[in-house]
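Colleague: Please read through the structure below; I'll follow up with questions.
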Amino acid sequence: DLAGEHDDGVVRAAEERARTTHLDVLGKRALRGGVCVTIDGPSTKDIADALLAFQPDAEGALRVVVAIADVSSVVDDGSALDRDARARTTSVYLAGRTLPMLPRCLSEETLSLVEGKERAVLCVEIRIDVEGKVLAVDVDEAVIRSTARLTYDDVARFLDDSDANAVPAATHETLRLLRAASARLSQARSERGGKDVEREEISVRLDEQGVPTGLEVRTTDVAHVMVERLMVAANEAVARFLVERGLPGVFRVHDAPTADRTRALADAAQALGIVAGFSTSTPLSPKALAAFDRQFRGTRDERAVESLLRRLLGPARYTTTGALHFGLAAPLYLHFTSPIRRYADLVVHRILHRYL
């Protein structure tokens with residue numbers, strides 16, 4: 001029952017918005033002169049996020065800007081485009097095919113942060129100290145120009161293998177700064193516990209006729225972890241920004257597991273020869289989950305336990321009341337970084353625009 005391609009009326013509305021949308025720089029932060037990179041898979045066309053970084057200040061704090069495509073400036077609240085996007089809720093990624101939330105002329109062209117093109121964005125700047133604590137958060141309407149469209153593989157070759165030719169020379173220092181920021185955030189995140197990023201992604205390989213011919217297993221590399229850390233930090237920062245100002249929001253909440261689910265996880269782990277040893281008198285904490293997580297990393301049972309964790313921890317949910325995201329050990333969390341692909345992010349962007 002997934003929605004297929006957009007109907008003619010919605011496509012015409014999107015094409016009209018693409019023709020009539022003009023970049024307005026008045027009152028926006030000018031970031032188009034800085035080195036700005038996008039990092040995605042090689043087949044990604046709907047590029048929603050870009051990254052900038054600045055040298056450490058006198059206290060050693062790094063400033064990172066996460067810039068997100070300004071979808072709300074093009075998709076008007078209550079319009080035909082908006083109603084269709086709300087009904088779809090998200091883009092859906094299938095083997096060899098994508099069902100986009102927004103028509104392709106917008107998601108892959110007008111709104112996409114393509115290399116060398118000026119684009120309006122909503123950005124969050126976070127200041128990260130030497131221990132990984134986020135000291136300050138600023139949200140701005142801005143204009144960027146992507147310096148380079150990079151892939152995860154190329155960035156990993158540059159950072160892990162010191163292959164200077166893997167990415168343009170102009171991006172070298174920015175990528176090093178982003179790695180430093182990611183490492184600091186990783187340290188802070190490890191101290192508070194929670195579930196670590198999954199290390200494998202399996203995709204279906206298709207031939208020219210669309211027939212499945214095999215599976216490809218990709219292991220999470222330094223580039224994936226770096227982008228994940230920075231996007232999670234941006235989402236947390238925006239959630240905090242809204243709550244501190246008494247603003248509404250659409251928050252992403254992941255409830256702590258119940259006592260029954262915790263016992264079931266411990267029993268299942270025991271059957272695989274893994275000692276959970278969870279407390280029977282206190283709820284499972286994010287730090288206890290992190291300690292358990294480290295027991296089976298790199299073992300042959302890793303996939304089995306990962307599957308158990310997903311089922312027994314349960315899914316996250318959207319709510320208008322901010323609360324803990326247990327899996328990330330985040331006091332507040334929401335989705336801000338993909339308004340091209342998720343309607344919840346678009347709602348958050350509209351709230352921020354109205355406040356600004």
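By convention in this document, the chains of the structure tokens carry letters A, B, ... by their order, each chain's residues are numbered from 1, and ligands are numbered from 1 in the order they are shown.
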Can you write out as JSON lines which residues of stretch 238-262 of chain A fall within 12 Å of stretch 212-233 of chain A, alongside each residue's closest atom pair and its distance in Å to one decimal, counting only C-alpha atoms and ordering rows by chain and ascending residue number?
Modeller:
{"residue": "A:Val238", "atom": "CA", "partner": "A:Ala233", "partner_atom": "CA", "distance": 8.7}
{"residue": "A:Ala239", "atom": "CA", "partner": "A:Ala233", "partner_atom": "CA", "distance": 9.9}
{"residue": "A:Arg240", "atom": "CA", "partner": "A:Ala233", "partner_atom": "CA", "distance": 10.5}
{"residue": "A:Arg252", "atom": "CA", "partner": "A:Val232", "partner_atom": "CA", "distance": 11.6}
Colleague: Would you list, as number ranges by chain, the residues of stretch 98-131 of chain A that end up in helix (DSSP H, G or I) under DSSP run on this structure's backbone?
Modeller: A: 104-110
Colleague: Save the residues we just selected, C-alpha atoms, as a compact mmCIF listing (two decimals), in the first residue's frame?
Modeller:
# COMPACT_ATOMS: atom_id res chain seq x y z
CA ARG A 104 11.89 14.71 -7.86
CA CYS A 105 12.09 18.16 -9.45
CA LEU A 106 12.22 19.50 -5.88
CA SER A 107 13.89 16.73 -3.87
CA GLU A 108 16.64 16.02 -6.40
CA GLU A 109 17.05 19.44 -8.02
CA THR A 110 15.64 22.69 -6.56
Colleague: Find the residues near A:Asp163: any atom within 12 Å, counting only C-alpha atoms, skip ones fewer than 6 places away on the same chain, and give them as number ranges by chain.
Modeller: A: 153-157, 169, 172
Colleague: Only all heavy atoms, please: the residues just picked out, written as a PDB file, in the first residue's frame.
Modeller:
ATOM      1  N   ASP A 153      32.790   6.448   0.871  1.00  0.00           N
ATOM      2  CA  ASP A 153      33.998   5.684   0.562  1.00  0.00           C
ATOM      3  C   ASP A 153      35.198   6.601   0.371  1.00  0.00           C
ATOM      4  O   ASP A 153      36.298   6.311   0.859  1.00  0.00           O
ATOM      5  CB  ASP A 153      33.781   4.841  -0.699  1.00  0.00           C
ATOM      6  CG  ASP A 153      32.855   3.662  -0.460  1.00  0.00           C
ATOM      7  OD1 ASP A 153      32.607   3.326   0.720  1.00  0.00           O
ATOM      8  OD2 ASP A 153      32.372   3.076  -1.445  1.00  0.00           O
ATOM      9  N   ASP A 154      35.013   7.690  -0.354  1.00  0.00           N
ATOM     10  CA  ASP A 154      36.119   8.612  -0.604  1.00  0.00           C
ATOM     11  C   ASP A 154      36.611   9.252   0.693  1.00  0.00           C
ATOM     12  O   ASP A 154      37.817   9.381   0.931  1.00  0.00           O
ATOM     13  CB  ASP A 154      35.697   9.699  -1.593  1.00  0.00           C
ATOM     14  CG  ASP A 154      35.486   9.156  -2.997  1.00  0.00           C
ATOM     15  OD1 ASP A 154      35.978   8.038  -3.273  1.00  0.00           O
ATOM     16  OD2 ASP A 154      34.827   9.833  -3.803  1.00  0.00           O
ATOM     17  N   VAL A 155      35.667   9.664   1.541  1.00  0.00           N
ATOM     18  CA  VAL A 155      36.047  10.285   2.815  1.00  0.00           C
ATOM     19  C   VAL A 155      36.769   9.277   3.705  1.00  0.00           C
ATOM     20  O   VAL A 155      37.760   9.608   4.369  1.00  0.00           O
ATOM     21  CB  VAL A 155      34.807  10.866   3.526  1.00  0.00           C
ATOM     22  CG1 VAL A 155      35.150  11.347   4.932  1.00  0.00           C
ATOM     23  CG2 VAL A 155      34.221  12.011   2.701  1.00  0.00           C
ATOM     24  N   ALA A 156      36.303   8.039   3.715  1.00  0.00           N
ATOM     25  CA  ALA A 156      36.964   7.001   4.514  1.00  0.00           C
ATOM     26  C   ALA A 156      38.379   6.749   4.003  1.00  0.00           C
ATOM     27  O   ALA A 156      39.310   6.557   4.805  1.00  0.00           O
ATOM     28  CB  ALA A 156      36.155   5.709   4.482  1.00  0.00           C
ATOM     29  N   ARG A 157      38.574   6.752   2.688  1.00  0.00           N
ATOM     30  CA  ARG A 157      39.918   6.555   2.139  1.00  0.00           C
ATOM     31  C   ARG A 157      40.839   7.695   2.542  1.00  0.00           C
ATOM     32  O   ARG A 157      42.020   7.494   2.836  1.00  0.00           O
ATOM     33  CB  ARG A 157      39.844   6.438   0.617  1.00  0.00           C
ATOM     34  CG  ARG A 157      39.448   5.041   0.152  1.00  0.00           C
ATOM     35  CD  ARG A 157      39.187   4.941  -1.334  1.00  0.00           C
ATOM     36  NE  ARG A 157      40.026   5.790  -2.138  1.00  0.00           N
ATOM     37  CZ  ARG A 157      39.580   6.522  -3.174  1.00  0.00           C
ATOM     38  NH1 ARG A 157      38.288   6.512  -3.462  1.00  0.00           N
ATOM     39  NH2 ARG A 157      40.409   7.245  -3.876  1.00  0.00           N
ATOM     40  N   ALA A 169      41.554  18.762  -2.543  1.00  0.00           N
ATOM     41  CA  ALA A 169      42.463  19.330  -1.551  1.00  0.00           C
ATOM     42  C   ALA A 169      41.785  20.404  -0.709  1.00  0.00           C
ATOM     43  O   ALA A 169      42.096  20.566   0.479  1.00  0.00           O
ATOM     44  CB  ALA A 169      43.704  19.892  -2.248  1.00  0.00           C
ATOM     45  N   HIS A 172      40.307  19.059   2.617  1.00  0.00           N
ATOM     46  CA  HIS A 172      41.127  18.284   3.559  1.00  0.00           C
ATOM     47  C   HIS A 172      41.000  18.780   4.991  1.00  0.00           C
ATOM     48  O   HIS A 172      40.735  17.999   5.915  1.00  0.00           O
ATOM     49  CB  HIS A 172      42.594  18.302   3.133  1.00  0.00           C
ATOM     50  CG  HIS A 172      42.871  17.477   1.923  1.00  0.00           C
ATOM     51  ND1 HIS A 172      44.147  17.249   1.437  1.00  0.00           N
ATOM     52  CD2 HIS A 172      42.030  16.804   1.079  1.00  0.00           C
ATOM     53  CE1 HIS A 172      44.073  16.479   0.365  1.00  0.00           C
ATOM     54  NE2 HIS A 172      42.809  16.200   0.124  1.00  0.00           N
TER      55      HIS A 172
END
Colleague: Give me, as a list of chain:residue names, all polymer residues having an atom no more than 10 Å from A:Val143, counting only C-alpha atoms and skipping those fewer than 2 positions away in the same chain.
Modeller: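 Residues meeting the cut-off are A:Leu23, A:Asp24, A:Val25, A:Leu26, A:Lys28, A:Arg29, A:Ala30, A:Leu31, A:Arg32, A:Gly33, A:Ala67, A:Ala69, A:Asp70, A:Glu118, A:Arg119, A:Ala120, A:Val121, A:Leu122, A:Cys123, A:Asp140, A:Glu141, A:Arg145.
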Colleague: Set the distance at 8 Å and use only C-alpha atoms: which residues neighbour A:Pro339 once local chain neighbours fewer than 2 positions away are removed? I'd like the list as a PyMOL selection string.
Modeller: chain A and resi 48+68-71+336-337+341-346+349
Colleague: Save out the residues we just selected, N, CA, C and O atoms, as a CSV table (one decimal), in the first residue's frame.
Modeller:
chain,number,residue,atom,x,y,z
A,48,ALA,N,20.3,16.3,1.4
A,48,ALA,CA,19.6,17.2,2.4
A,48,ALA,C,20.5,17.9,3.3
A,48,ALA,O,20.1,18.9,3.9
A,68,ILE,N,21.0,22.3,6.6
A,68,ILE,CA,19.9,21.5,6.1
A,68,ILE,C,19.1,22.2,5.1
A,68,ILE,O,18.7,23.4,5.3
A,69,ALA,N,18.8,21.5,4.0
A,69,ALA,CA,18.0,22.1,2.9
A,69,ALA,C,16.7,22.8,3.5
A,69,ALA,O,16.0,22.2,4.3
A,70,ASP,N,16.4,24.0,3.0
A,70,ASP,CA,15.3,24.8,3.5
A,70,ASP,C,14.0,24.4,2.8
A,70,ASP,O,13.5,25.2,1.9
A,71,VAL,N,13.5,23.3,3.1
A,71,VAL,CA,12.3,22.8,2.4
A,71,VAL,C,11.1,23.7,2.6
A,71,VAL,O,10.2,23.9,1.8
A,336,PHE,N,15.5,16.7,12.6
A,336,PHE,CA,15.7,18.0,12.0
A,336,PHE,C,16.4,17.9,10.7
A,336,PHE,O,16.3,18.8,9.8
A,337,THR,N,17.2,16.9,10.5
A,337,THR,CA,18.2,16.9,9.4
A,337,THR,C,17.8,16.4,8.1
A,337,THR,O,18.6,16.4,7.1
A,341,ARG,N,13.1,14.3,3.2
A,341,ARG,CA,12.7,12.9,3.2
A,341,ARG,C,11.7,12.5,4.3
A,341,ARG,O,11.1,11.5,4.3
A,342,ARG,N,11.6,13.4,5.4
A,342,ARG,CA,10.7,13.1,6.5
A,342,ARG,C,9.8,14.3,6.8
A,342,ARG,O,10.4,15.4,7.0
A,343,TYR,N,8.5,14.1,7.0
A,343,TYR,CA,7.6,15.2,7.2
A,343,TYR,C,7.8,15.8,8.6
A,343,TYR,O,7.7,17.0,8.8
A,344,ALA,N,8.2,14.9,9.6
A,344,ALA,CA,8.4,15.4,11.0
A,344,ALA,C,9.5,16.5,11.0
A,344,ALA,O,9.3,17.5,11.7
A,345,ASP,N,10.5,16.3,10.2
A,345,ASP,CA,11.6,17.3,10.1
A,345,ASP,C,11.1,18.6,9.6
A,345,ASP,O,11.5,19.7,10.0
A,346,LEU,N,10.2,18.5,8.6
A,346,LEU,CA,9.6,19.7,7.9
A,346,LEU,C,8.8,20.5,8.9
A,346,LEU,O,8.9,21.8,9.0
A,349,HIS,N,11.2,22.4,11.1
A,349,HIS,CA,11.7,23.6,10.4
A,349,HIS,C,10.8,24.8,10.4
A,349,HIS,O,11.2,25.9,10.6
Colleague: Compile the contact shell of A:Ala276 as JSON, numbers by chain: residues with an atom at most 7 Å away, counting only C-alpha atoms, same-chain residues fewer than 6 positions apart removed.
Modeller: {"A": [266, 269, 292]}
Colleague: Quick one: distance from atom CA of A:Tyr355 to atom CA of A:Val139 in Å, one decimal?
Modeller: 10.3 Å
Colleague: Give me, please, the distance in Å between atom CA of A:Ser182 and atom CA of A:Val66, quoted to one decimal.
Modeller: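 Atom CA of A:Val66 lies at a distance of 12.5 Å from atom CA of A:Ser182.
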Colleague: Using only C-alpha atoms, which of the listed residues (A:Arg261, A:Arg149, A:His6, A:Arg19) sits closest to A:Thr44?
Modeller: A:Arg149
Colleague: Could you name the residues that touch stretch 309-319 of chain A at 10 Å or less, counting only C-alpha atoms, but leaving out those on the same chain fewer than 5 positions away, as a list in words?
Modeller: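 What passes the distance filter is Lys195, Gly249, Val250, Phe251, Arg252, Val253, His254, Asp255, Ala256, Pro257, Thr258, Asp260, Arg261, Thr262, Arg263, Ala264, Leu265, Ala268, Ala269, Leu289, Asp293, Arg303, Ala304, His325, Phe326, Gly327, Leu334, His335 and Ala344 of chain A.
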Colleague: Would you write out those residues with N, CA, C and O atoms, as an mmCIF file, in the first residue's frame?
Modeller:
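Saved as selection_22.cif:
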data_model
loop_
_atom_site.group_PDB
_atom_site.id
_atom_site.type_symbol
_atom_site.label_atom_id
_atom_site.label_comp_id
_atom_site.auth_asym_id
_atom_site.auth_seq_id
_atom_site.Cartn_x
_atom_site.Cartn_y
_atom_site.Cartn_z
ATOM 1 N N LYS A 195 22.842 2.838 22.868
ATOM 2 C CA LYS A 195 23.143 1.879 21.805
ATOM 3 C C LYS A 195 24.082 2.514 20.793
ATOM 4 O O LYS A 195 23.853 3.628 20.337
ATOM 5 N N GLY A 249 7.238 21.387 19.628
ATOM 6 C CA GLY A 249 8.086 20.558 18.783
ATOM 7 C C GLY A 249 7.468 19.202 18.534
ATOM 8 O O GLY A 249 6.518 18.802 19.206
ATOM 9 N N VAL A 250 8.031 18.508 17.539
ATOM 10 C CA VAL A 250 7.684 17.108 17.300
ATOM 11 C C VAL A 250 8.916 16.314 17.701
ATOM 12 O O VAL A 250 9.908 16.297 16.978
ATOM 13 N N PHE A 251 8.874 15.692 18.859
ATOM 14 C CA PHE A 251 10.046 15.052 19.430
ATOM 15 C C PHE A 251 10.056 13.555 19.129
ATOM 16 O O PHE A 251 9.020 12.941 18.891
ATOM 17 N N ARG A 252 11.255 13.003 19.142
ATOM 18 C CA ARG A 252 11.434 11.571 18.934
ATOM 19 C C ARG A 252 11.802 10.964 20.289
ATOM 20 O O ARG A 252 12.850 11.285 20.856
ATOM 21 N N VAL A 253 10.938 10.107 20.790
ATOM 22 C CA VAL A 253 11.099 9.537 22.135
ATOM 23 C C VAL A 253 11.238 8.020 22.021
ATOM 24 O O VAL A 253 10.514 7.372 21.262
ATOM 25 N N HIS A 254 12.188 7.481 22.765
ATOM 26 C CA HIS A 254 12.371 6.033 22.819
ATOM 27 C C HIS A 254 12.291 5.621 24.289
ATOM 28 O O HIS A 254 13.162 5.985 25.083
ATOM 29 N N ASP A 255 11.242 4.924 24.633
ATOM 30 C CA ASP A 255 11.002 4.576 26.036
ATOM 31 C C ASP A 255 11.985 3.515 26.516
ATOM 32 O O ASP A 255 12.404 2.628 25.768
ATOM 33 N N ALA A 256 12.354 3.595 27.798
ATOM 34 C CA ALA A 256 13.166 2.549 28.418
ATOM 35 C C ALA A 256 12.388 1.237 28.404
ATOM 36 O O ALA A 256 11.155 1.226 28.511
ATOM 37 N N PRO A 257 13.066 0.108 28.256
ATOM 38 C CA PRO A 257 12.353 -1.173 28.205
ATOM 39 C C PRO A 257 11.690 -1.492 29.539
ATOM 40 O O PRO A 257 12.201 -1.134 30.603
ATOM 41 N N THR A 258 10.565 -2.156 29.476
ATOM 42 C CA THR A 258 9.870 -2.590 30.688
ATOM 43 C C THR A 258 10.654 -3.706 31.373
ATOM 44 O O THR A 258 11.578 -4.291 30.794
ATOM 45 N N ASP A 260 9.614 -6.654 31.968
ATOM 46 C CA ASP A 260 9.404 -7.910 31.236
ATOM 47 C C ASP A 260 10.325 -7.999 30.025
ATOM 48 O O ASP A 260 10.904 -9.064 29.745
ATOM 49 N N ARG A 261 10.466 -6.892 29.299
ATOM 50 C CA ARG A 261 11.339 -6.897 28.123
ATOM 51 C C ARG A 261 12.806 -7.066 28.538
ATOM 52 O O ARG A 261 13.586 -7.734 27.860
ATOM 53 N N THR A 262 13.174 -6.444 29.641
ATOM 54 C CA THR A 262 14.552 -6.567 30.123
ATOM 55 C C THR A 262 14.866 -8.007 30.496
ATOM 56 O O THR A 262 15.936 -8.541 30.171
ATOM 57 N N ARG A 263 13.922 -8.669 31.186
ATOM 58 C CA ARG A 263 14.125 -10.083 31.543
ATOM 59 C C ARG A 263 14.208 -10.951 30.286
ATOM 60 O O ARG A 263 15.028 -11.875 30.217
ATOM 61 N N ALA A 264 13.365 -10.660 29.305
ATOM 62 C CA ALA A 264 13.382 -11.445 28.061
ATOM 63 C C ALA A 264 14.718 -11.291 27.338
ATOM 64 O O ALA A 264 15.253 -12.263 26.787
ATOM 65 N N LEU A 265 15.263 -10.085 27.348
ATOM 66 C CA LEU A 265 16.564 -9.850 26.715
ATOM 67 C C LEU A 265 17.663 -10.619 27.444
ATOM 68 O O LEU A 265 18.520 -11.256 26.821
ATOM 69 N N ALA A 268 17.331 -14.362 26.621
ATOM 70 C CA ALA A 268 17.772 -14.667 25.259
ATOM 71 C C ALA A 268 19.297 -14.604 25.157
ATOM 72 O O ALA A 268 19.925 -15.440 24.493
ATOM 73 N N ALA A 269 19.894 -13.614 25.823
ATOM 74 C CA ALA A 269 21.353 -13.501 25.812
ATOM 75 C C ALA A 269 21.984 -14.714 26.482
ATOM 76 O O ALA A 269 22.995 -15.254 26.010
ATOM 77 N N LEU A 289 23.010 -0.772 29.215
ATOM 78 C CA LEU A 289 22.814 -1.245 27.848
ATOM 79 C C LEU A 289 24.128 -1.170 27.067
ATOM 80 O O LEU A 289 24.483 -2.088 26.327
ATOM 81 N N ASP A 293 26.161 -4.146 25.336
ATOM 82 C CA ASP A 293 26.422 -4.038 23.907
ATOM 83 C C ASP A 293 27.868 -4.410 23.583
ATOM 84 O O ASP A 293 28.147 -5.057 22.568
ATOM 85 N N ARG A 303 24.926 -10.453 15.077
ATOM 86 C CA ARG A 303 23.689 -10.179 14.332
ATOM 87 C C ARG A 303 22.460 -10.691 15.087
ATOM 88 O O ARG A 303 21.410 -10.050 15.088
ATOM 89 N N ALA A 304 22.595 -11.856 15.684
ATOM 90 C CA ALA A 304 21.460 -12.427 16.423
ATOM 91 C C ALA A 304 21.063 -11.534 17.590
ATOM 92 O O ALA A 304 19.874 -11.265 17.815
ATOM 93 N N HIS A 325 15.329 9.768 24.855
ATOM 94 C CA HIS A 325 15.512 8.769 23.804
ATOM 95 C C HIS A 325 16.481 7.743 24.378
ATOM 96 O O HIS A 325 17.689 7.977 24.448
ATOM 97 N N PHE A 326 15.932 6.613 24.842
ATOM 98 C CA PHE A 326 16.730 5.641 25.591
ATOM 99 C C PHE A 326 17.877 5.079 24.761
ATOM 100 O O PHE A 326 19.016 4.980 25.239
ATOM 101 N N GLY A 327 17.597 4.688 23.521
ATOM 102 C CA GLY A 327 18.623 4.059 22.698
ATOM 103 C C GLY A 327 19.834 4.950 22.482
ATOM 104 O O GLY A 327 20.970 4.466 22.408
ATOM 105 N N LEU A 334 14.970 14.942 18.490
ATOM 106 C CA LEU A 334 13.957 15.096 17.450
ATOM 107 C C LEU A 334 14.611 14.889 16.102
ATOM 108 O O LEU A 334 15.821 14.651 16.000
ATOM 109 N N HIS A 335 13.831 14.978 15.046
ATOM 110 C CA HIS A 335 14.342 14.868 13.688
ATOM 111 C C HIS A 335 14.311 16.240 13.015
ATOM 112 O O HIS A 335 13.244 16.829 12.859
ATOM 113 N N ALA A 344 8.188 14.939 9.605
ATOM 114 C CA ALA A 344 8.395 15.446 10.966
ATOM 115 C C ALA A 344 9.469 16.529 10.985
ATOM 116 O O ALA A 344 9.348 17.531 11.698
#
Colleague: For A:Gly193, which of A:Val64, A:Leu113, A:Ala80, A:Leu328 is the closest residue, counting only C-alpha atoms?
Modeller: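 Closest to A:Gly193 of all the choices is A:Leu328.
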Colleague: Kindly indicate which residue among A:Ala61, A:Val347, A:Ala50, A:Leu332 lies nearest to A:Gly34, using only C-alpha atoms for the distances.
Modeller: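 Once distances to A:Gly34 are computed over only C-alpha atoms, the minimum belongs to A:Ala50.
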Colleague: State, in Å with one decimal place, the distance from atom CA of A:Ile144 to atom CA of A:Gly27.
Modeller: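 Distance reported for this atom pair: 13.7 Å.
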Colleague: Counting only C-alpha atoms, which of A:Leu81, A:Val75, A:Cys36, A:Leu178 gets nearest to A:Asp7?
Modeller: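 Going through A:Leu81, A:Val75, A:Cys36, A:Leu178 one by one, the smallest distance to A:Asp7 is for A:Leu81.
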Colleague: Just the strand (DSSP E or B) stuff from stretch 117-260 of chain A, please, per backbone DSSP, written as a ChimeraX atom specification.
Modeller: /A:118-128,134-146,148-151,200-206,212-219,251-254
